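Visitor: For reference, the file coords_1.cif (mmCIF, N, CA and C atoms) is included below:
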data_entry
loop_
_atom_site.label_atom_id
_atom_site.label_comp_id
_atom_site.auth_asym_id
_atom_site.auth_seq_id
_atom_site.Cartn_x
_atom_site.Cartn_y
_atom_site.Cartn_z
N MET A 155 -27.21 -21.41 -6.56
CA MET A 155 -27.36 -22.45 -7.56
C MET A 155 -27.12 -21.83 -8.95
N ASN A 156 -26.32 -22.52 -9.76
CA ASN A 156 -26.07 -22.00 -11.11
C ASN A 156 -27.25 -22.30 -12.03
N PRO A 157 -27.30 -21.62 -13.18
CA PRO A 157 -28.46 -21.81 -14.08
C PRO A 157 -28.65 -23.26 -14.54
N ARG A 158 -27.57 -23.99 -14.78
CA ARG A 158 -27.71 -25.37 -15.23
C ARG A 158 -28.40 -26.21 -14.17
N GLN A 159 -27.95 -26.05 -12.92
CA GLN A 159 -28.57 -26.80 -11.82
C GLN A 159 -30.04 -26.47 -11.71
N THR A 160 -30.35 -25.21 -11.74
CA THR A 160 -31.74 -24.76 -11.61
C THR A 160 -32.58 -25.31 -12.75
N ASN A 161 -32.08 -25.19 -13.97
CA ASN A 161 -32.83 -25.68 -15.14
C ASN A 161 -33.05 -27.18 -15.07
N LEU A 162 -32.01 -27.93 -14.71
CA LEU A 162 -32.14 -29.39 -14.62
C LEU A 162 -33.20 -29.80 -13.61
N LYS A 163 -33.19 -29.14 -12.47
CA LYS A 163 -34.16 -29.48 -11.43
C LYS A 163 -35.57 -29.02 -11.80
N ASP A 164 -35.67 -27.89 -12.50
CA ASP A 164 -36.98 -27.35 -12.88
C ASP A 164 -37.70 -28.21 -13.91
N ILE A 165 -36.95 -28.86 -14.81
CA ILE A 165 -37.62 -29.63 -15.87
C ILE A 165 -38.02 -31.02 -15.41
N ARG A 166 -37.55 -31.45 -14.26
CA ARG A 166 -37.90 -32.79 -13.77
C ARG A 166 -39.35 -32.84 -13.30
N PRO A 167 -40.03 -33.92 -13.65
CA PRO A 167 -41.41 -34.05 -13.18
C PRO A 167 -41.44 -34.34 -11.68
N GLU A 168 -42.48 -33.85 -11.04
CA GLU A 168 -42.67 -34.20 -9.63
C GLU A 168 -43.44 -35.51 -9.58
N ILE A 169 -43.01 -36.38 -8.68
CA ILE A 169 -43.68 -37.66 -8.53
C ILE A 169 -44.31 -37.66 -7.14
N SER A 170 -45.62 -37.50 -7.12
CA SER A 170 -46.32 -37.31 -5.84
C SER A 170 -46.26 -38.53 -4.93
N SER A 171 -46.07 -39.70 -5.49
CA SER A 171 -46.05 -40.91 -4.66
C SER A 171 -44.74 -41.10 -3.90
N ILE A 172 -43.74 -40.31 -4.22
CA ILE A 172 -42.45 -40.44 -3.55
C ILE A 172 -42.51 -39.76 -2.18
N THR A 173 -42.10 -40.51 -1.18
CA THR A 173 -41.98 -39.94 0.16
C THR A 173 -40.54 -40.12 0.63
N ILE A 174 -40.07 -39.14 1.37
CA ILE A 174 -38.71 -39.17 1.90
C ILE A 174 -38.80 -39.28 3.41
N HIS A 175 -38.08 -40.26 3.96
CA HIS A 175 -38.08 -40.49 5.40
C HIS A 175 -36.67 -40.28 5.96
N ASP A 176 -36.60 -39.94 7.23
CA ASP A 176 -35.32 -39.75 7.88
C ASP A 176 -34.50 -41.04 7.95
N ASN A 177 -35.20 -42.16 8.04
CA ASN A 177 -34.49 -43.43 8.21
C ASN A 177 -34.15 -44.11 6.88
N MET A 178 -34.31 -43.41 5.74
CA MET A 178 -33.96 -43.95 4.43
C MET A 178 -32.45 -44.00 4.28
N SER A 179 -31.98 -45.00 3.56
CA SER A 179 -30.55 -45.03 3.24
C SER A 179 -30.25 -43.92 2.24
N SER A 180 -29.00 -43.54 2.14
CA SER A 180 -28.62 -42.48 1.20
C SER A 180 -28.89 -42.92 -0.24
N ASP A 181 -28.71 -44.22 -0.53
CA ASP A 181 -28.99 -44.73 -1.87
C ASP A 181 -30.48 -44.63 -2.20
N GLU A 182 -31.33 -44.99 -1.25
CA GLU A 182 -32.77 -44.91 -1.47
C GLU A 182 -33.22 -43.47 -1.65
N ARG A 183 -32.62 -42.59 -0.86
CA ARG A 183 -32.94 -41.16 -0.97
C ARG A 183 -32.55 -40.63 -2.36
N PHE A 184 -31.35 -41.01 -2.82
CA PHE A 184 -30.88 -40.59 -4.15
C PHE A 184 -31.80 -41.15 -5.24
N GLN A 185 -32.19 -42.39 -5.06
CA GLN A 185 -33.10 -43.03 -6.02
C GLN A 185 -34.40 -42.24 -6.13
N ASN A 186 -34.97 -41.88 -5.00
CA ASN A 186 -36.26 -41.20 -5.00
C ASN A 186 -36.19 -39.72 -5.38
N GLN A 187 -35.10 -39.06 -5.00
CA GLN A 187 -34.99 -37.63 -5.28
C GLN A 187 -34.40 -37.33 -6.65
N VAL A 188 -33.56 -38.23 -7.16
CA VAL A 188 -32.86 -37.95 -8.41
C VAL A 188 -33.21 -38.95 -9.51
N LEU A 189 -32.97 -40.23 -9.27
CA LEU A 189 -33.13 -41.23 -10.32
C LEU A 189 -34.55 -41.32 -10.86
N ARG A 190 -35.52 -41.45 -9.97
CA ARG A 190 -36.91 -41.60 -10.44
C ARG A 190 -37.37 -40.41 -11.30
N PRO A 191 -37.17 -39.16 -10.83
CA PRO A 191 -37.59 -38.03 -11.67
C PRO A 191 -36.84 -37.95 -13.00
N VAL A 192 -35.54 -38.21 -13.01
CA VAL A 192 -34.77 -38.13 -14.24
C VAL A 192 -35.22 -39.21 -15.22
N ILE A 193 -35.42 -40.42 -14.73
CA ILE A 193 -35.84 -41.52 -15.60
C ILE A 193 -37.25 -41.26 -16.14
N LYS A 194 -38.11 -40.70 -15.32
CA LYS A 194 -39.45 -40.35 -15.80
C LYS A 194 -39.37 -39.27 -16.89
N LEU A 195 -38.52 -38.29 -16.68
CA LEU A 195 -38.31 -37.24 -17.67
C LEU A 195 -37.80 -37.82 -18.99
N GLN A 196 -36.91 -38.79 -18.90
CA GLN A 196 -36.28 -39.38 -20.08
C GLN A 196 -37.09 -40.52 -20.69
N ASN A 197 -38.27 -40.78 -20.18
CA ASN A 197 -39.08 -41.93 -20.61
C ASN A 197 -39.20 -42.07 -22.12
N ASP A 198 -39.60 -41.02 -22.81
CA ASP A 198 -39.81 -41.11 -24.26
C ASP A 198 -38.52 -41.44 -24.98
N LEU A 199 -37.42 -40.85 -24.53
CA LEU A 199 -36.12 -41.13 -25.14
C LEU A 199 -35.70 -42.58 -24.88
N LEU A 200 -35.87 -43.05 -23.65
CA LEU A 200 -35.51 -44.43 -23.32
C LEU A 200 -36.30 -45.42 -24.17
N LEU A 201 -37.58 -45.16 -24.36
CA LEU A 201 -38.41 -46.01 -25.23
C LEU A 201 -37.91 -45.98 -26.67
N ALA A 202 -37.62 -44.80 -27.18
CA ALA A 202 -37.14 -44.67 -28.56
C ALA A 202 -35.81 -45.38 -28.74
N VAL A 203 -34.94 -45.27 -27.77
CA VAL A 203 -33.63 -45.93 -27.83
C VAL A 203 -33.80 -47.45 -27.81
N PHE A 204 -34.73 -47.93 -26.99
CA PHE A 204 -34.94 -49.38 -26.95
C PHE A 204 -35.55 -49.87 -28.26
N LYS A 205 -36.47 -49.11 -28.84
CA LYS A 205 -37.04 -49.49 -30.13
C LYS A 205 -35.95 -49.56 -31.20
N ASN A 206 -35.02 -48.62 -31.16
CA ASN A 206 -33.90 -48.64 -32.10
C ASN A 206 -33.01 -49.86 -31.84
N TYR A 207 -32.82 -50.20 -30.58
CA TYR A 207 -32.04 -51.39 -30.21
C TYR A 207 -32.67 -52.64 -30.81
N ILE A 208 -33.98 -52.72 -30.73
CA ILE A 208 -34.71 -53.87 -31.31
C ILE A 208 -34.41 -53.97 -32.81
N VAL A 209 -34.53 -52.85 -33.52
CA VAL A 209 -34.30 -52.83 -34.96
C VAL A 209 -32.85 -53.20 -35.28
N LYS A 210 -31.91 -52.65 -34.52
CA LYS A 210 -30.49 -52.93 -34.76
C LYS A 210 -30.15 -54.40 -34.53
N HIS A 211 -30.98 -55.08 -33.77
CA HIS A 211 -30.78 -56.50 -33.50
C HIS A 211 -31.78 -57.36 -34.27
N LYS A 212 -32.02 -56.96 -35.52
CA LYS A 212 -32.80 -57.72 -36.50
C LYS A 212 -34.27 -57.93 -36.13
N SER A 213 -34.79 -57.11 -35.25
CA SER A 213 -36.22 -57.12 -34.90
C SER A 213 -36.74 -58.46 -34.40
N VAL A 214 -35.86 -59.33 -33.89
CA VAL A 214 -36.31 -60.63 -33.37
C VAL A 214 -37.26 -60.45 -32.19
N PHE A 215 -37.16 -59.34 -31.50
CA PHE A 215 -38.02 -59.04 -30.36
C PHE A 215 -39.50 -59.21 -30.73
N TYR A 216 -39.87 -58.74 -31.92
CA TYR A 216 -41.27 -58.74 -32.33
C TYR A 216 -41.85 -60.14 -32.52
N ASP A 217 -40.99 -61.12 -32.73
CA ASP A 217 -41.45 -62.50 -32.93
C ASP A 217 -41.49 -63.32 -31.65
N LEU A 218 -41.12 -62.71 -30.54
CA LEU A 218 -41.04 -63.43 -29.27
C LEU A 218 -42.37 -63.44 -28.53
N THR A 219 -42.55 -64.45 -27.67
CA THR A 219 -43.70 -64.49 -26.77
C THR A 219 -43.53 -63.39 -25.72
N MET A 220 -44.57 -63.10 -25.00
CA MET A 220 -44.49 -62.06 -23.97
C MET A 220 -43.41 -62.40 -22.94
N GLU A 221 -43.36 -63.64 -22.52
CA GLU A 221 -42.36 -64.06 -21.54
C GLU A 221 -40.94 -63.86 -22.07
N LYS A 222 -40.73 -64.20 -23.33
CA LYS A 222 -39.41 -64.04 -23.95
C LYS A 222 -39.08 -62.57 -24.18
N ARG A 223 -40.10 -61.75 -24.43
CA ARG A 223 -39.86 -60.31 -24.56
C ARG A 223 -39.35 -59.73 -23.24
N ILE A 224 -39.93 -60.18 -22.15
CA ILE A 224 -39.49 -59.73 -20.83
C ILE A 224 -38.03 -60.12 -20.62
N ASP A 225 -37.70 -61.36 -20.96
CA ASP A 225 -36.31 -61.82 -20.85
C ASP A 225 -35.39 -60.99 -21.75
N TYR A 226 -35.85 -60.67 -22.93
CA TYR A 226 -35.07 -59.89 -23.89
C TYR A 226 -34.73 -58.52 -23.30
N ILE A 227 -35.73 -57.87 -22.72
CA ILE A 227 -35.52 -56.55 -22.11
C ILE A 227 -34.52 -56.67 -20.96
N GLU A 228 -34.72 -57.67 -20.10
CA GLU A 228 -33.82 -57.86 -18.97
C GLU A 228 -32.39 -58.11 -19.43
N ASN A 229 -32.22 -58.94 -20.45
CA ASN A 229 -30.88 -59.22 -20.97
C ASN A 229 -30.25 -57.99 -21.59
N ALA A 230 -31.03 -57.23 -22.33
CA ALA A 230 -30.49 -56.01 -22.95
C ALA A 230 -29.99 -55.05 -21.88
N ILE A 231 -30.76 -54.87 -20.83
CA ILE A 231 -30.41 -53.91 -19.78
C ILE A 231 -29.24 -54.42 -18.93
N HIS A 232 -29.25 -55.68 -18.60
CA HIS A 232 -28.26 -56.19 -17.65
C HIS A 232 -27.01 -56.80 -18.28
N LYS A 233 -27.10 -57.27 -19.52
CA LYS A 233 -25.96 -58.00 -20.08
C LYS A 233 -25.28 -57.34 -21.26
N ASP A 234 -25.97 -56.48 -21.99
CA ASP A 234 -25.36 -55.78 -23.11
C ASP A 234 -24.71 -54.50 -22.58
N MET A 235 -23.41 -54.57 -22.30
CA MET A 235 -22.73 -53.46 -21.63
C MET A 235 -22.74 -52.16 -22.45
N LYS A 236 -22.63 -52.26 -23.75
CA LYS A 236 -22.67 -51.06 -24.59
C LYS A 236 -24.03 -50.37 -24.46
N PHE A 237 -25.08 -51.15 -24.56
CA PHE A 237 -26.43 -50.60 -24.44
C PHE A 237 -26.67 -50.06 -23.03
N ARG A 238 -26.26 -50.83 -22.03
CA ARG A 238 -26.40 -50.43 -20.63
C ARG A 238 -25.71 -49.09 -20.38
N ASN A 239 -24.48 -48.97 -20.87
CA ASN A 239 -23.73 -47.73 -20.65
C ASN A 239 -24.38 -46.55 -21.37
N SER A 240 -24.97 -46.81 -22.52
CA SER A 240 -25.68 -45.77 -23.24
C SER A 240 -26.89 -45.28 -22.43
N MET A 241 -27.65 -46.23 -21.89
CA MET A 241 -28.81 -45.87 -21.06
C MET A 241 -28.37 -45.10 -19.81
N LYS A 242 -27.30 -45.56 -19.17
CA LYS A 242 -26.79 -44.86 -17.99
C LYS A 242 -26.42 -43.43 -18.33
N GLY A 243 -25.80 -43.24 -19.48
CA GLY A 243 -25.39 -41.90 -19.90
C GLY A 243 -26.56 -40.95 -20.07
N MET A 244 -27.69 -41.49 -20.54
CA MET A 244 -28.89 -40.67 -20.74
C MET A 244 -29.46 -40.20 -19.41
N VAL A 245 -29.22 -40.96 -18.37
CA VAL A 245 -29.69 -40.58 -17.04
C VAL A 245 -28.67 -39.68 -16.35
N ILE A 246 -27.41 -40.12 -16.33
CA ILE A 246 -26.36 -39.37 -15.64
C ILE A 246 -26.18 -37.98 -16.25
N GLY A 247 -26.39 -37.86 -17.55
CA GLY A 247 -26.25 -36.56 -18.21
C GLY A 247 -27.19 -35.49 -17.69
N LEU A 248 -28.23 -35.90 -16.99
CA LEU A 248 -29.19 -34.93 -16.44
C LEU A 248 -29.01 -34.73 -14.93
N PHE A 249 -27.87 -35.19 -14.39
CA PHE A 249 -27.54 -34.93 -12.98
C PHE A 249 -26.93 -33.53 -12.89
N THR A 250 -27.12 -32.91 -11.75
CA THR A 250 -26.36 -31.70 -11.44
C THR A 250 -24.96 -32.15 -11.02
N VAL A 251 -24.03 -31.22 -10.94
CA VAL A 251 -22.67 -31.56 -10.51
C VAL A 251 -22.70 -32.12 -9.09
N GLU A 252 -23.51 -31.54 -8.24
CA GLU A 252 -23.65 -32.02 -6.86
C GLU A 252 -24.19 -33.45 -6.82
N GLU A 253 -25.20 -33.72 -7.63
CA GLU A 253 -25.77 -35.07 -7.70
C GLU A 253 -24.75 -36.06 -8.25
N TYR A 254 -23.98 -35.62 -9.25
CA TYR A 254 -22.97 -36.50 -9.82
C TYR A 254 -21.91 -36.85 -8.77
N THR A 255 -21.55 -35.88 -7.95
CA THR A 255 -20.58 -36.12 -6.89
C THR A 255 -21.12 -37.16 -5.91
N LEU A 256 -22.38 -37.04 -5.53
CA LEU A 256 -23.01 -38.05 -4.66
C LEU A 256 -23.05 -39.41 -5.35
N TYR A 257 -23.38 -39.40 -6.62
CA TYR A 257 -23.46 -40.64 -7.40
C TYR A 257 -22.12 -41.38 -7.41
N THR A 258 -21.04 -40.65 -7.58
CA THR A 258 -19.72 -41.30 -7.68
C THR A 258 -19.29 -41.94 -6.37
N GLN A 259 -19.86 -41.54 -5.27
CA GLN A 259 -19.50 -42.12 -3.98
C GLN A 259 -19.98 -43.56 -3.83
N ASN A 260 -21.03 -43.92 -4.57
CA ASN A 260 -21.53 -45.29 -4.51
C ASN A 260 -22.14 -45.67 -5.85
N SER A 261 -21.38 -45.45 -6.91
CA SER A 261 -21.91 -45.62 -8.26
C SER A 261 -22.34 -47.06 -8.56
N SER A 262 -21.66 -48.03 -8.00
CA SER A 262 -22.00 -49.42 -8.29
C SER A 262 -23.43 -49.75 -7.84
N ALA A 263 -23.75 -49.43 -6.61
CA ALA A 263 -25.10 -49.70 -6.09
C ALA A 263 -26.14 -48.83 -6.78
N LEU A 264 -25.77 -47.58 -7.07
CA LEU A 264 -26.72 -46.68 -7.73
C LEU A 264 -26.95 -47.07 -9.19
N ASN A 265 -25.94 -47.61 -9.84
CA ASN A 265 -26.12 -48.11 -11.21
C ASN A 265 -27.11 -49.26 -11.23
N LYS A 266 -27.02 -50.12 -10.24
CA LYS A 266 -27.94 -51.25 -10.15
C LYS A 266 -29.38 -50.74 -9.98
N ARG A 267 -29.56 -49.79 -9.10
CA ARG A 267 -30.89 -49.19 -8.89
C ARG A 267 -31.38 -48.51 -10.17
N MET A 268 -30.49 -47.77 -10.81
CA MET A 268 -30.84 -47.05 -12.03
C MET A 268 -31.30 -48.01 -13.12
N MET A 269 -30.55 -49.06 -13.35
CA MET A 269 -30.89 -50.01 -14.41
C MET A 269 -32.16 -50.79 -14.08
N ASN A 270 -32.38 -51.07 -12.81
CA ASN A 270 -33.64 -51.72 -12.42
C ASN A 270 -34.83 -50.80 -12.68
N LEU A 271 -34.67 -49.52 -12.40
CA LEU A 271 -35.75 -48.57 -12.68
C LEU A 271 -36.02 -48.46 -14.18
N VAL A 272 -34.96 -48.40 -14.97
CA VAL A 272 -35.11 -48.32 -16.43
C VAL A 272 -35.81 -49.59 -16.94
N LYS A 273 -35.36 -50.74 -16.45
CA LYS A 273 -35.96 -52.01 -16.86
C LYS A 273 -37.45 -52.04 -16.51
N GLU A 274 -37.79 -51.67 -15.29
CA GLU A 274 -39.19 -51.67 -14.86
C GLU A 274 -40.03 -50.69 -15.69
N ARG A 275 -39.45 -49.57 -16.06
CA ARG A 275 -40.16 -48.58 -16.87
C ARG A 275 -40.44 -49.17 -18.26
N LEU A 276 -39.46 -49.83 -18.85
CA LEU A 276 -39.68 -50.46 -20.17
C LEU A 276 -40.69 -51.60 -20.06
N LEU A 277 -40.57 -52.41 -19.03
CA LEU A 277 -41.50 -53.53 -18.87
C LEU A 277 -42.93 -53.04 -18.67
N SER A 278 -43.09 -51.93 -17.95
CA SER A 278 -44.44 -51.42 -17.69
C SER A 278 -45.09 -50.83 -18.95
N GLN A 279 -44.27 -50.61 -19.98
CA GLN A 279 -44.78 -50.05 -21.24
C GLN A 279 -44.55 -51.00 -22.41
N ILE A 280 -44.44 -52.27 -22.10
CA ILE A 280 -44.12 -53.27 -23.12
C ILE A 280 -45.13 -53.27 -24.27
N GLN A 281 -46.36 -52.88 -23.98
CA GLN A 281 -47.38 -52.83 -25.03
C GLN A 281 -47.05 -51.78 -26.09
N LEU A 282 -46.20 -50.82 -25.76
CA LEU A 282 -45.79 -49.80 -26.74
C LEU A 282 -44.66 -50.28 -27.64
N LEU A 283 -44.15 -51.46 -27.35
CA LEU A 283 -43.03 -52.01 -28.11
C LEU A 283 -43.50 -53.03 -29.13
N GLU A 284 -44.49 -52.68 -29.89
CA GLU A 284 -45.00 -53.55 -30.95
C GLU A 284 -44.34 -53.17 -32.27
N ARG A 285 -44.42 -54.08 -33.21
CA ARG A 285 -43.85 -53.84 -34.54
C ARG A 285 -44.46 -52.55 -35.10
N PRO A 286 -43.63 -51.61 -35.55
CA PRO A 286 -44.13 -50.29 -35.99
C PRO A 286 -45.24 -50.34 -37.02
N GLU A 287 -45.17 -51.22 -38.01
CA GLU A 287 -46.22 -51.23 -39.05
C GLU A 287 -47.56 -51.67 -38.49
N LEU A 288 -47.56 -52.46 -37.42
CA LEU A 288 -48.83 -52.86 -36.80
C LEU A 288 -49.48 -51.67 -36.11
N LEU A 289 -48.68 -50.84 -35.49
CA LEU A 289 -49.22 -49.66 -34.83
C LEU A 289 -49.76 -48.65 -35.85
N ALA A 290 -49.08 -48.53 -36.97
CA ALA A 290 -49.50 -47.58 -37.99
C ALA A 290 -50.85 -47.97 -38.60
N ALA A 291 -51.15 -49.27 -38.67
CA ALA A 291 -52.40 -49.72 -39.28
C ALA A 291 -53.60 -49.53 -38.37
N VAL A 292 -53.36 -49.33 -37.08
CA VAL A 292 -54.46 -49.24 -36.12
C VAL A 292 -55.09 -47.89 -36.13
#
Turn this file's structure into structure tokens for me.
Guide:
Amino acid sequence: MNPRQTNLKDIRPEISSITIHDNMSSDERFQNQVLRPVIKLQNDLLLAVFKNYIVKHKSVFYDLTMEKRIDYIENAIHKDMKFRNSMKGMVIGLFTVEEYTLYTQNSSALNKRMMNLVKERLLSQIQLLERPELLAAV
């Protein structure tokens, strides 16, 4: 293993709840062994990028109801191709060459899994996406 591969794998967090089974599909295995740890590692960056996305889009997110905020996140992840590709790049950039080769064999399905994981991670931390000046006053 080259140093880049070793370093990339070493910095990834271990997720104890992940189990690997023999009867898992290759996509599910890739999701659990690669996507989940990389997305968890990139969590702070993904949050910061989404906060910047909110600001770049006139901060309308902050005036929305909780239900509309959820829709906003889903639309940003699934329909804004520029933003989506940026998020994908932040994840793919932390793949090893071997993982990237596996990814390219079924990138369409893996992209869907990746974006769903990113969306769920943002949704699970929606309380951190409040207007910055409100957080500063607390």
Visitor: I want to know what sits within 8 Å of Lys194 in chain A, based on all atoms listed in the file, with residues of the same chain fewer than 6 positions away left out; could you give that as a list in words?
Guide: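 Selected residues are Arg166, Pro167 and Val188 of chain A.
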Visitor: Please report the interatomic distance between atom N of Lys236 in chain A and atom C of Asn265 in chain A in Å with one decimal.
Guide: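 Atom-to-atom, atom N of Lys236 in chain A to atom C of Asn265 in chain A, that is 13.6 Å.
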Visitor: Can you tell me how far CA of Met241 in chain A sits from atom C of Ile227 in chain A, in Å to one decimal?
Guide: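 Taking CA of Met241 in chain A and atom C of Ile227 in chain A, their separation equals 12.2 Å.
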Visitor: How many Å separate CA of Leu277 in chain A from CA of Lys212 in chain A?
Guide: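 Separation of CA of Leu277 in chain A and CA of Lys212 in chain A: 20.1 Å.
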Visitor: Applied to the shown file, which residues does the PyMOL selection byres ((chain A and resi 269-272) around 8) return, written as a list in words?
Guide: Leu189, Arg190, Ile193, Leu200, Ile231, His232, Arg238, Met241, Lys242, Ala263, Leu264, Asn265, Lys266, Arg267, Met268, Lys273, Glu274, Arg275, Leu276, Leu277 and Ser278 of chain A
